[in-house]
file coords-v5.txt (compact mmCIF, C-alpha atoms)
# COMPACT_ATOMS: atom_id res chain seq x y z
CA MET Y 84 59.60 43.74 103.85
CA LEU Y 85 63.34 43.97 103.29
CA GLU Y 86 62.98 41.80 100.19
CA GLU Y 87 63.21 44.18 97.25
CA PRO Y 88 60.25 43.76 94.87
CA ARG Y 89 61.14 43.03 91.25
CA SER Y 90 59.04 46.03 90.27
CA GLY Y 91 61.32 48.17 92.45
CA ARG Y 92 64.44 46.89 90.69
CA LEU Y 93 62.88 47.38 87.26
CA ALA Y 94 61.76 50.91 88.05
CA ALA Y 95 64.94 52.01 89.84
CA TRP Y 96 67.47 50.68 87.34
CA GLY Y 97 65.21 51.36 84.39
CA ASN Y 98 65.02 55.00 85.47
CA ALA Y 99 68.81 55.11 85.78
CA LEU Y 100 69.01 53.90 82.19
CA LEU Y 101 66.39 56.36 80.91
CA SER Y 102 68.25 59.23 82.58
CA GLY Y 103 71.58 58.17 81.05
CA HIS Y 104 73.30 57.17 84.29
CA ILE Y 105 73.99 53.55 83.29
CA SER Y 106 74.16 51.38 80.16
CA PRO Y 107 71.37 49.04 78.99
CA ASP Y 108 73.46 45.99 79.87
CA GLU Y 109 74.13 47.21 83.41
CA ALA Y 110 70.45 48.06 83.89
CA ALA Y 111 69.42 44.57 82.77
CA GLU Y 112 71.99 42.93 85.04
CA ARG Y 113 70.85 44.90 88.07
CA ILE Y 114 67.17 44.19 87.38
CA VAL Y 115 67.66 40.45 86.88
CA ALA Y 116 69.85 40.18 90.02
CA ASP Y 117 69.68 36.57 91.27
CA ASP Y 118 66.98 35.46 88.83
CA ASP Y 119 67.84 33.25 85.88
CA GLY Y 120 66.49 35.70 83.33
CA HIS Y 121 63.79 38.24 82.50
CA ARG Y 122 61.78 38.65 79.31
CA VAL Y 123 59.07 41.14 78.35
CA ALA Y 124 55.99 40.05 76.37
CA GLY Y 125 53.25 42.20 74.85
CA LEU Y 126 55.25 45.29 73.93
CA PRO Y 127 53.70 47.37 71.11
CA GLU Y 128 54.58 45.96 67.69
CA GLU Y 129 56.15 42.88 69.26
CA GLU Y 130 54.73 39.59 67.98
CA SER Y 131 56.67 36.98 69.99
CA ALA Y 132 54.52 35.23 72.61
CA GLU Y 133 57.68 34.46 74.58
CA GLY Y 134 58.65 38.10 74.58
CA VAL Y 135 62.04 39.74 74.12
CA GLY Y 136 65.10 40.03 76.32
CA LEU Y 137 65.19 42.73 78.96
CA THR Y 138 67.91 44.82 77.29
CA LEU Y 139 65.94 44.96 74.04
CA ALA Y 140 62.70 45.67 75.90
CA LEU Y 141 64.20 48.61 77.79
CA GLY Y 142 65.51 50.01 74.53
CA ARG Y 143 62.09 49.58 72.94
CA LEU Y 144 60.41 51.46 75.79
CA ARG Y 145 62.89 54.30 75.46
CA ALA Y 146 62.28 54.44 71.70
CA LEU Y 147 58.54 54.62 72.36
CA GLY Y 148 59.10 57.75 74.43
CA ALA Y 149 59.27 56.40 77.97
CA LYS Y 150 60.62 59.01 80.39
CA GLY Y 151 60.26 57.21 83.69
CA LEU Y 152 58.94 54.13 85.49
CA ARG Y 153 56.62 54.03 88.50
CA VAL Y 154 56.02 51.23 91.01
CA ALA Y 155 52.67 49.93 92.24
CA LEU Y 156 52.40 47.62 95.29
CA PRO Y 157 48.68 46.82 95.57
CA VAL Y 158 46.97 44.53 98.07
CA PRO Y 159 43.28 43.61 98.36
CA GLY Y 160 41.33 46.74 99.22
CA HIS Y 161 44.24 49.05 98.48
CA PRO Y 162 45.20 49.48 94.78
CA LEU Y 163 48.32 51.43 95.71
CA GLY Y 164 49.98 52.99 92.66
CA LEU Y 165 47.50 51.67 90.08
CA SER Y 166 45.46 53.72 87.62
CA GLY Y 167 43.30 51.10 85.85
CA PRO Y 168 41.72 49.66 83.87
CA PRO Y 169 40.23 46.91 86.08
CA GLU Y 170 41.75 44.14 83.95
CA PHE Y 171 45.27 45.42 84.53
CA ASN Y 172 44.59 46.15 88.18
CA SER Y 173 43.48 42.54 88.65
CA LEU Y 174 46.72 41.21 87.14
CA ALA Y 175 48.78 43.56 89.32
CA LEU Y 176 46.84 42.61 92.43
CA ASP Y 177 47.45 38.91 91.80
CA ALA Y 178 51.19 39.59 91.44
CA GLY Y 179 51.28 42.10 94.31
CA GLU Y 180 53.26 44.54 92.18
CA ALA Y 181 53.51 46.28 88.82
CA VAL Y 182 55.44 48.94 86.92
CA LEU Y 183 53.79 51.80 85.03
CA VAL Y 184 55.50 53.66 82.21
CA THR Y 185 55.51 57.46 82.19
CA GLY Y 186 55.82 59.12 78.77
CA GLY Y 187 55.07 57.51 75.44
CA PRO Y 188 52.13 55.10 75.29
CA ALA Y 189 50.35 54.37 78.59
CA LEU Y 190 51.77 50.94 79.45
CA GLY Y 191 52.05 48.78 82.53
CA LEU Y 192 54.12 45.68 83.24
CA VAL Y 193 53.28 42.85 85.64
CA PRO Y 194 55.78 40.09 86.53
CA GLU Y 195 54.98 36.42 86.07
CA VAL Y 196 57.43 34.38 88.17
CA TRP Y 197 58.12 30.65 88.17
CA SER Y 198 60.87 28.19 89.12
CA VAL Y 199 62.46 25.47 86.98
CA GLY Y 200 64.95 22.73 87.74
CA PRO Y 201 65.28 19.96 90.32
CA GLU Y 202 64.34 20.57 93.94
CA GLY Y 203 67.13 22.30 95.77
CA ASP Y 204 68.66 23.57 92.54
CA GLU Y 205 65.81 25.61 91.07
CA VAL Y 206 66.30 28.80 89.12
CA VAL Y 207 63.76 31.63 88.94
CA ARG Y 208 62.56 33.02 85.65
CA VAL Y 209 60.44 36.09 85.09
CA ARG Y 210 58.24 37.20 82.22
CA TRP Y 211 56.87 40.73 82.36
CA ARG Y 212 53.41 41.02 80.78
CA CYS Y 213 52.97 44.41 79.11
CA ARG Y 214 49.44 45.83 78.92
CA ARG Y 215 47.77 49.14 78.15
CA VAL Y 216 46.84 51.16 81.22
CA ARG Y 217 44.67 54.16 81.89
CA GLU Y 218 46.28 57.60 81.78
CA ALA Y 219 45.34 58.76 85.27
CA PRO Y 220 47.08 59.64 88.53
CA PRO Y 221 48.23 56.53 90.47
CA ALA Y 222 46.06 55.65 93.45
CA ASP Y 223 47.03 56.84 96.93
CA VAL Y 224 50.74 57.50 96.28
CA PRO Y 225 52.10 60.16 98.67
CA SER Y 226 54.83 62.62 97.84
CA LEU Y 227 58.26 61.80 99.19
CA GLY Y 228 57.89 64.49 101.83
CA GLU Y 229 54.52 63.17 102.97
CA ALA Y 230 55.87 59.63 103.12
CA GLU Y 231 58.80 60.68 105.29
CA ARG Y 232 56.53 62.46 107.77
CA GLU Y 233 54.15 59.49 107.92
CA LEU Y 234 57.06 57.12 108.51
CA ALA Y 235 58.41 59.14 111.41
CA GLU Y 236 55.04 58.74 113.14
CA ALA Y 237 54.88 55.07 112.14
CA MET Y 238 58.26 54.36 113.71
CA ARG Y 239 57.01 55.73 117.02
CA ASP Y 240 53.89 53.58 116.75
CA ALA Y 241 55.96 50.52 115.77
CA THR Y 242 58.16 50.94 118.84
CA GLU Y 243 55.10 51.11 121.09
CA VAL Y 244 53.48 48.08 119.45
CA LEU Y 245 56.62 45.96 119.65
CA ALA Y 246 57.12 46.87 123.30
CA ARG Y 247 53.52 45.99 124.06
CA LEU Y 248 53.84 42.64 122.29
CA ASP Y 249 57.22 41.95 123.93
CA VAL Y 250 58.66 40.85 120.58
CA ALA Y 251 62.30 41.25 121.56
CA GLY Y 252 61.85 39.13 124.67
CA SER Y 253 59.65 36.40 123.26
CA GLY Y 254 62.33 33.79 122.71
CA PRO Y 255 65.13 32.62 120.41
CA VAL Y 256 62.98 32.60 117.25
CA ALA Y 257 62.17 36.29 117.59
CA GLU Y 258 65.77 37.06 118.54
CA ALA Y 259 66.99 35.31 115.37
CA ALA Y 260 64.47 37.21 113.28
CA LEU Y 261 65.59 40.51 114.74
CA ALA Y 262 69.26 39.65 114.12
CA ALA Y 263 68.51 38.71 110.52
CA TYR Y 264 66.60 41.95 110.07
CA ARG Y 265 69.52 44.02 111.34
CA ALA Y 266 71.97 42.25 109.01
CA ARG Y 267 69.74 42.64 106.00
CA ALA Y 268 69.04 46.29 106.82
CA GLU Y 269 72.65 47.07 106.01
CA ARG Y 270 72.30 45.48 102.58
CA GLY Y 271 69.17 47.55 101.94
CA ARG Y 272 71.31 50.62 101.44
CA GLU Y 273 72.14 49.71 97.85
CA VAL Y 274 68.66 49.22 96.39
CA LEU Y 275 68.15 52.57 94.67
CA ALA Y 276 70.01 53.39 91.48
CA PRO Y 277 72.03 56.45 90.42
CA GLY Y 278 69.86 59.47 89.73
CA TYR Y 279 67.65 59.13 92.81
CA PRO Y 280 67.69 61.92 95.43
CA PRO Y 281 69.30 61.06 98.79
CA ARG Y 282 65.97 61.65 100.49
CA ALA Y 283 64.43 58.78 98.50
CA VAL Y 284 67.17 56.43 99.73
CA ARG Y 285 66.52 57.54 103.31
CA VAL Y 286 62.76 57.04 102.98
CA LEU Y 287 63.17 53.59 101.42
CA GLU Y 288 65.52 52.46 104.20
CA LEU Y 289 63.10 53.64 106.85
CA ALA Y 290 60.13 52.03 105.07
CA GLN Y 291 62.01 48.73 104.93
CA ARG Y 292 62.82 49.00 108.63
CA VAL Y 293 59.20 49.62 109.62
CA GLY Y 294 57.99 46.83 107.35
CA ALA Y 295 60.51 44.35 108.71
CA LEU Y 296 59.51 45.09 112.29
CA VAL Y 297 55.86 44.65 111.36
CA ASP Y 298 56.65 41.29 109.74
CA ILE Y 299 58.44 40.09 112.86
CA ALA Y 300 55.63 41.25 115.15
CA ARG Y 301 52.94 39.70 112.94
CA ASP Y 302 54.54 36.25 112.88
CA GLU Y 303 52.50 33.86 115.04
CA GLY Y 304 55.68 32.51 116.61
CA HIS Y 305 56.67 35.92 117.95
CA GLY Y 306 55.22 38.32 120.42
CA ALA Y 307 53.20 37.87 123.56
CA ALA Y 308 49.78 37.45 121.93
CA VAL Y 309 48.46 33.93 122.40
CA SER Y 310 44.65 34.04 122.27
CA ALA Y 311 42.54 34.59 119.14
CA GLY Y 312 41.44 37.94 120.55
CA GLN Y 313 45.00 39.03 121.17
CA MET Y 314 46.03 37.89 117.69
CA ALA Y 315 43.20 39.98 116.19
CA ALA Y 316 44.19 42.99 118.27
CA ARG Y 317 47.80 42.62 117.16
CA GLY Y 318 46.70 42.50 113.51
CA GLU Y 319 44.64 45.66 113.93
CA ALA Y 320 47.55 47.47 115.55
CA LEU Y 321 50.01 46.48 112.85
CA ARG Y 322 47.82 47.01 109.76
CA PRO Y 323 48.22 50.82 109.54
CA LEU Y 324 51.98 50.49 110.04
CA GLU Y 325 52.24 48.04 107.14
CA ARG Y 326 50.15 50.34 104.93
CA THR Y 327 52.31 53.35 105.76
CA ALA Y 328 55.52 51.44 105.03
CA ARG Y 329 54.17 50.18 101.71
CA ARG Y 330 53.05 53.68 100.66
CA ALA Y 331 56.49 55.02 101.54
CA ARG Y 332 58.27 52.33 99.50
CA VAL Y 333 56.21 53.30 96.46
CA ALA Y 334 56.93 56.99 97.06
CA ALA Y 335 60.67 56.28 97.26
CA TYR Y 336 60.78 54.24 94.05
CA ASN Y 337 58.62 56.86 92.32
CA ALA Y 338 60.71 59.81 93.49
CA PHE Y 339 62.55 59.85 90.15
CA VAL Y 340 59.29 60.45 88.27
CA GLU Y 341 58.11 62.89 90.94
CA GLU Y 342 61.16 65.06 90.32
CA LEU Y 343 60.80 64.61 86.57
CA GLU Y 344 57.23 65.89 86.66
CA ARG Y 345 58.26 68.88 88.78
CA GLY Y 346 60.79 69.73 86.07

call {"tool": "encode", "arguments": {"input": "coords-v5.txt", "output": "structure tokens"}}
result
Amino acid sequence: MLEEPRSGRLAAWGNALLSGHISPDEAAERIVADDDGHRVAGLPEEESAEGVGLTLALGRLRALGAKGLRVALPVPGHPLGLSGPPEFNSLALDAGEAVLVTGGPALGLVPEVWSVGPEGDEVVRVRWRCRRVREAPPADVPSLGEAERELAEAMRDATEVLARLDVAGSGPVAEAALAAYRARAERGREVLAPGYPPRAVRVLELAQRVGALVDIARDEGHGAAVSAGQMAARGEALRPLERTARRARVAAYNAFVEELERG
């Protein structure tokens, strides 16, 4: 859960560009991060099947009237952040993420990710597929305030669940996972771009923390659950925590647009 989704980087740094906080080149660099390169295919009036470079694509979206970018993080049975149509929702569900454009034409972007190169020296490339979307409120996205309140309750639940499953005391594998989580949590402080409210940064950090703890507890090698029944019970206990953390991540990334719509 501490891994930042590509849709989050695109929305966060794209919003910083649209609000004039950073240059197109810096936005593209931040979005690409450790990937080998990003292209965008299917933009209005764009003929190339291979798409255009990210800097040009961001400029094109701005010229089309884009004011902000939203994140969607859907999973089966929970189309979080999506607005339709079904064809776009299906693409986003397969990818596990998408970005929706606010202002200008109703557009959505879904990442297509693949690796090239010899084993052990692969590079990751990304092509964003741009499609028309329905102009409707995104599904099940809470306000930033709602997300923060839900997370506070989720953290209490997560603490109880982890104690019950004895995650911290279940051996060196769990201990290593917890240590890695703590180290990566510190790096999570830099994921949101200029222009976001401090509250959004706080909510995203907390959502990452809850999600990381859920991931550790869910891993079959961790925790005290050993029987099929115990595994099922653990899954049931953790599912609402994962959902809450995912909703909060979307609310944090979408806080820029939330403030924009409030004026």

call {"tool": "closest_atom_pairs", "arguments": {"input": "coords-v5.txt", "of": "segment 123-195 of chain Y", "to": "segment 321-338 of chain Y", "cutoff": "7 Å", "atoms": "only C-alpha atoms", "output": "CSV"}}
result
residue,atom,partner,partner_atom,distance
Y:Arg153,CA,Y:Asn337,CA,5.2
Y:Val154,CA,Y:Val333,CA,5.8
Y:Ala155,CA,Y:Val333,CA,6.5
Y:Leu156,CA,Y:Val333,CA,6.9

call {"tool": "residues_around", "arguments": {"input": "coords-v5.txt", "residues": "Val206 of chain Y", "least_positions_apart": "6", "cutoff": "6 Å", "atoms": "all atoms listed in the file", "output": "ChimeraX atom specification"}}
result
/Y:119,198-199

call {"tool": "closest_residue", "arguments": {"input": "coords-v5.txt", "among": "Y:Lys150, Y:Arg208, Y:Arg89, Y:Arg215", "to": "Ala181 of chain Y", "atoms": "only C-alpha atoms"}}
result
Y:Arg89

call {"tool": "residues_around", "arguments": {"input": "coords-v5.txt", "residues": "Leu275 of chain Y", "least_positions_apart": "3", "cutoff": "7 Å", "atoms": "all atoms listed in the file", "output": "list in words"}}
result
Ala95, Tyr279 and Val284 of chain Y

call {"tool": "closest_residue", "arguments": {"input": "coords-v5.txt", "among": "Y:Thr185, Y:Asn172, Y:Ser166, Y:Ser131", "to": "Leu101 of chain Y", "atoms": "all atoms listed in the file"}}
result
Y:Thr185

call {"tool": "atom_distance", "arguments": {"input": "coords-v5.txt", "atom1": "atom CA of Ala140 of chain Y", "atom2": "atom CA of Val123 of chain Y"}}
result
6.3 Å

call {"tool": "residues_near_point", "arguments": {"input": "coords-v5.txt", "point": "(62.5, 38.4, 94.1)", "cutoff": "9 Å", "atoms": "only C-alpha atoms", "output": "list in words"}}
result
Glu86, Glu87, Pro88, Arg89, Ala116, Asp117, Asp118, Val196 and Val207 of chain Y

call {"tool": "closest_residue", "arguments": {"input": "coords-v5.txt", "among": "Y:Ala124, Y:Ala276, Y:Leu147, Y:Val158", "to": "Val209 of chain Y", "atoms": "only C-alpha atoms"}}
result
Y:Ala124

call {"tool": "closest_residue", "arguments": {"input": "coords-v5.txt", "among": "Y:Ala111, Y:Ala94, Y:Leu152, Y:Ala189", "to": "Leu139 of chain Y", "atoms": "all atoms listed in the file"}}
result
Y:Ala111

call {"tool": "residues_around", "arguments": {"input": "coords-v5.txt", "residues": "Arg122 of chain Y", "least_positions_apart": "2", "cutoff": "9 Å", "atoms": "all atoms listed in the file", "output": "NGL selection string"}}
result
:Y and (120 or 124 or 133-138 or 140 or 208-212)

call {"tool": "atom_distance", "arguments": {"input": "coords-v5.txt", "atom1": "atom CA of Ala132 of chain Y", "atom2": "atom CA of Ala219 of chain Y"}}
result
28.3 Å

call {"tool": "atom_distance", "arguments": {"input": "coords-v5.txt", "atom1": "atom CA of Ala178 of chain Y", "atom2": "atom CA of Pro157 of chain Y"}}
result
8.7 Å

call {"tool": "closest_residue", "arguments": {"input": "coords-v5.txt", "among": "Y:Pro277, Y:Gly151, Y:Gly91, Y:Pro107", "to": "Gly179 of chain Y", "atoms": "all atoms listed in the file"}}
result
Y:Gly91

call {"tool": "closest_residue", "arguments": {"input": "coords-v5.txt", "among": "Y:Leu190, Y:Ala283, Y:Ala110, Y:Ala99", "to": "Cys213 of chain Y", "atoms": "all atoms listed in the file"}}
result
Y:Leu190

call {"tool": "decode", "arguments": {"input": "coords-v5.txt", "residues": "segment 180-228 of chain Y", "atoms": "C-alpha atoms", "output": "PDB file, in the first residue's frame"}}
result
ATOM      1  CA  GLU Y 180      -6.399   2.571 -11.389  1.00  0.00           C
ATOM      2  CA  ALA Y 181      -7.314   5.472 -13.646  1.00  0.00           C
ATOM      3  CA  VAL Y 182      -7.231   9.263 -13.890  1.00  0.00           C
ATOM      4  CA  LEU Y 183     -10.269  11.379 -14.763  1.00  0.00           C
ATOM      5  CA  VAL Y 184      -9.993  14.868 -16.206  1.00  0.00           C
ATOM      6  CA  THR Y 185     -12.041  17.695 -14.698  1.00  0.00           C
ATOM      7  CA  GLY Y 186     -12.863  20.604 -17.027  1.00  0.00           C
ATOM      8  CA  GLY Y 187     -12.802  20.512 -20.806  1.00  0.00           C
ATOM      9  CA  PRO Y 188     -13.979  17.299 -22.489  1.00  0.00           C
ATOM     10  CA  ALA Y 189     -14.893  14.400 -20.188  1.00  0.00           C
ATOM     11  CA  LEU Y 190     -11.807  12.203 -20.507  1.00  0.00           C
ATOM     12  CA  GLY Y 191     -10.225   9.377 -18.559  1.00  0.00           C
ATOM     13  CA  LEU Y 192      -6.780   7.817 -18.752  1.00  0.00           C
ATOM     14  CA  VAL Y 193      -5.819   4.236 -17.902  1.00  0.00           C
ATOM     15  CA  PRO Y 194      -2.176   3.059 -17.718  1.00  0.00           C
ATOM     16  CA  GLU Y 195      -0.890   0.145 -19.757  1.00  0.00           C
ATOM     17  CA  VAL Y 196       2.386  -1.053 -18.206  1.00  0.00           C
ATOM     18  CA  TRP Y 197       4.979  -3.469 -19.566  1.00  0.00           C
ATOM     19  CA  SER Y 198       8.665  -4.316 -19.150  1.00  0.00           C
ATOM     20  CA  VAL Y 199      11.356  -4.576 -21.837  1.00  0.00           C
ATOM     21  CA  GLY Y 200      14.976  -5.680 -21.752  1.00  0.00           C
ATOM     22  CA  PRO Y 201      16.888  -8.707 -20.483  1.00  0.00           C
ATOM     23  CA  GLU Y 202      15.968 -10.344 -17.199  1.00  0.00           C
ATOM     24  CA  GLY Y 203      17.475  -8.458 -14.308  1.00  0.00           C
ATOM     25  CA  ASP Y 204      17.892  -5.316 -16.379  1.00  0.00           C
ATOM     26  CA  GLU Y 205      14.319  -4.601 -17.449  1.00  0.00           C
ATOM     27  CA  VAL Y 206      12.899  -1.119 -17.820  1.00  0.00           C
ATOM     28  CA  VAL Y 207       9.230  -0.233 -17.359  1.00  0.00           C
ATOM     29  CA  ARG Y 208       7.287   1.646 -19.979  1.00  0.00           C
ATOM     30  CA  VAL Y 209       3.814   3.097 -19.673  1.00  0.00           C
ATOM     31  CA  ARG Y 210       1.215   4.076 -22.234  1.00  0.00           C
ATOM     32  CA  TRP Y 211      -1.841   5.938 -20.971  1.00  0.00           C
ATOM     33  CA  ARG Y 212      -4.988   5.105 -22.960  1.00  0.00           C
ATOM     34  CA  CYS Y 213      -7.282   8.123 -23.185  1.00  0.00           C
ATOM     35  CA  ARG Y 214     -11.023   7.472 -23.493  1.00  0.00           C
ATOM     36  CA  ARG Y 215     -14.251   9.426 -23.193  1.00  0.00           C
ATOM     37  CA  VAL Y 216     -15.965   9.085 -19.819  1.00  0.00           C
ATOM     38  CA  ARG Y 217     -19.373   9.909 -18.455  1.00  0.00           C
ATOM     39  CA  GLU Y 218     -19.882  13.313 -16.850  1.00  0.00           C
ATOM     40  CA  ALA Y 219     -21.115  12.147 -13.458  1.00  0.00           C
ATOM     41  CA  PRO Y 220     -19.948  12.233  -9.836  1.00  0.00           C
ATOM     42  CA  PRO Y 221     -17.194   9.657  -9.122  1.00  0.00           C
ATOM     43  CA  ALA Y 222     -18.378   6.578  -7.244  1.00  0.00           C
ATOM     44  CA  ASP Y 223     -18.012   6.404  -3.460  1.00  0.00           C
ATOM     45  CA  VAL Y 224     -15.301   9.057  -3.029  1.00  0.00           C
ATOM     46  CA  PRO Y 225     -15.466  10.655   0.437  1.00  0.00           C
ATOM     47  CA  SER Y 226     -14.547  14.218   1.225  1.00  0.00           C
ATOM     48  CA  LEU Y 227     -11.148  14.749   2.790  1.00  0.00           C
ATOM     49  CA  GLY Y 228     -12.769  15.379   6.157  1.00  0.00           C
TER      50      GLY Y 228
END
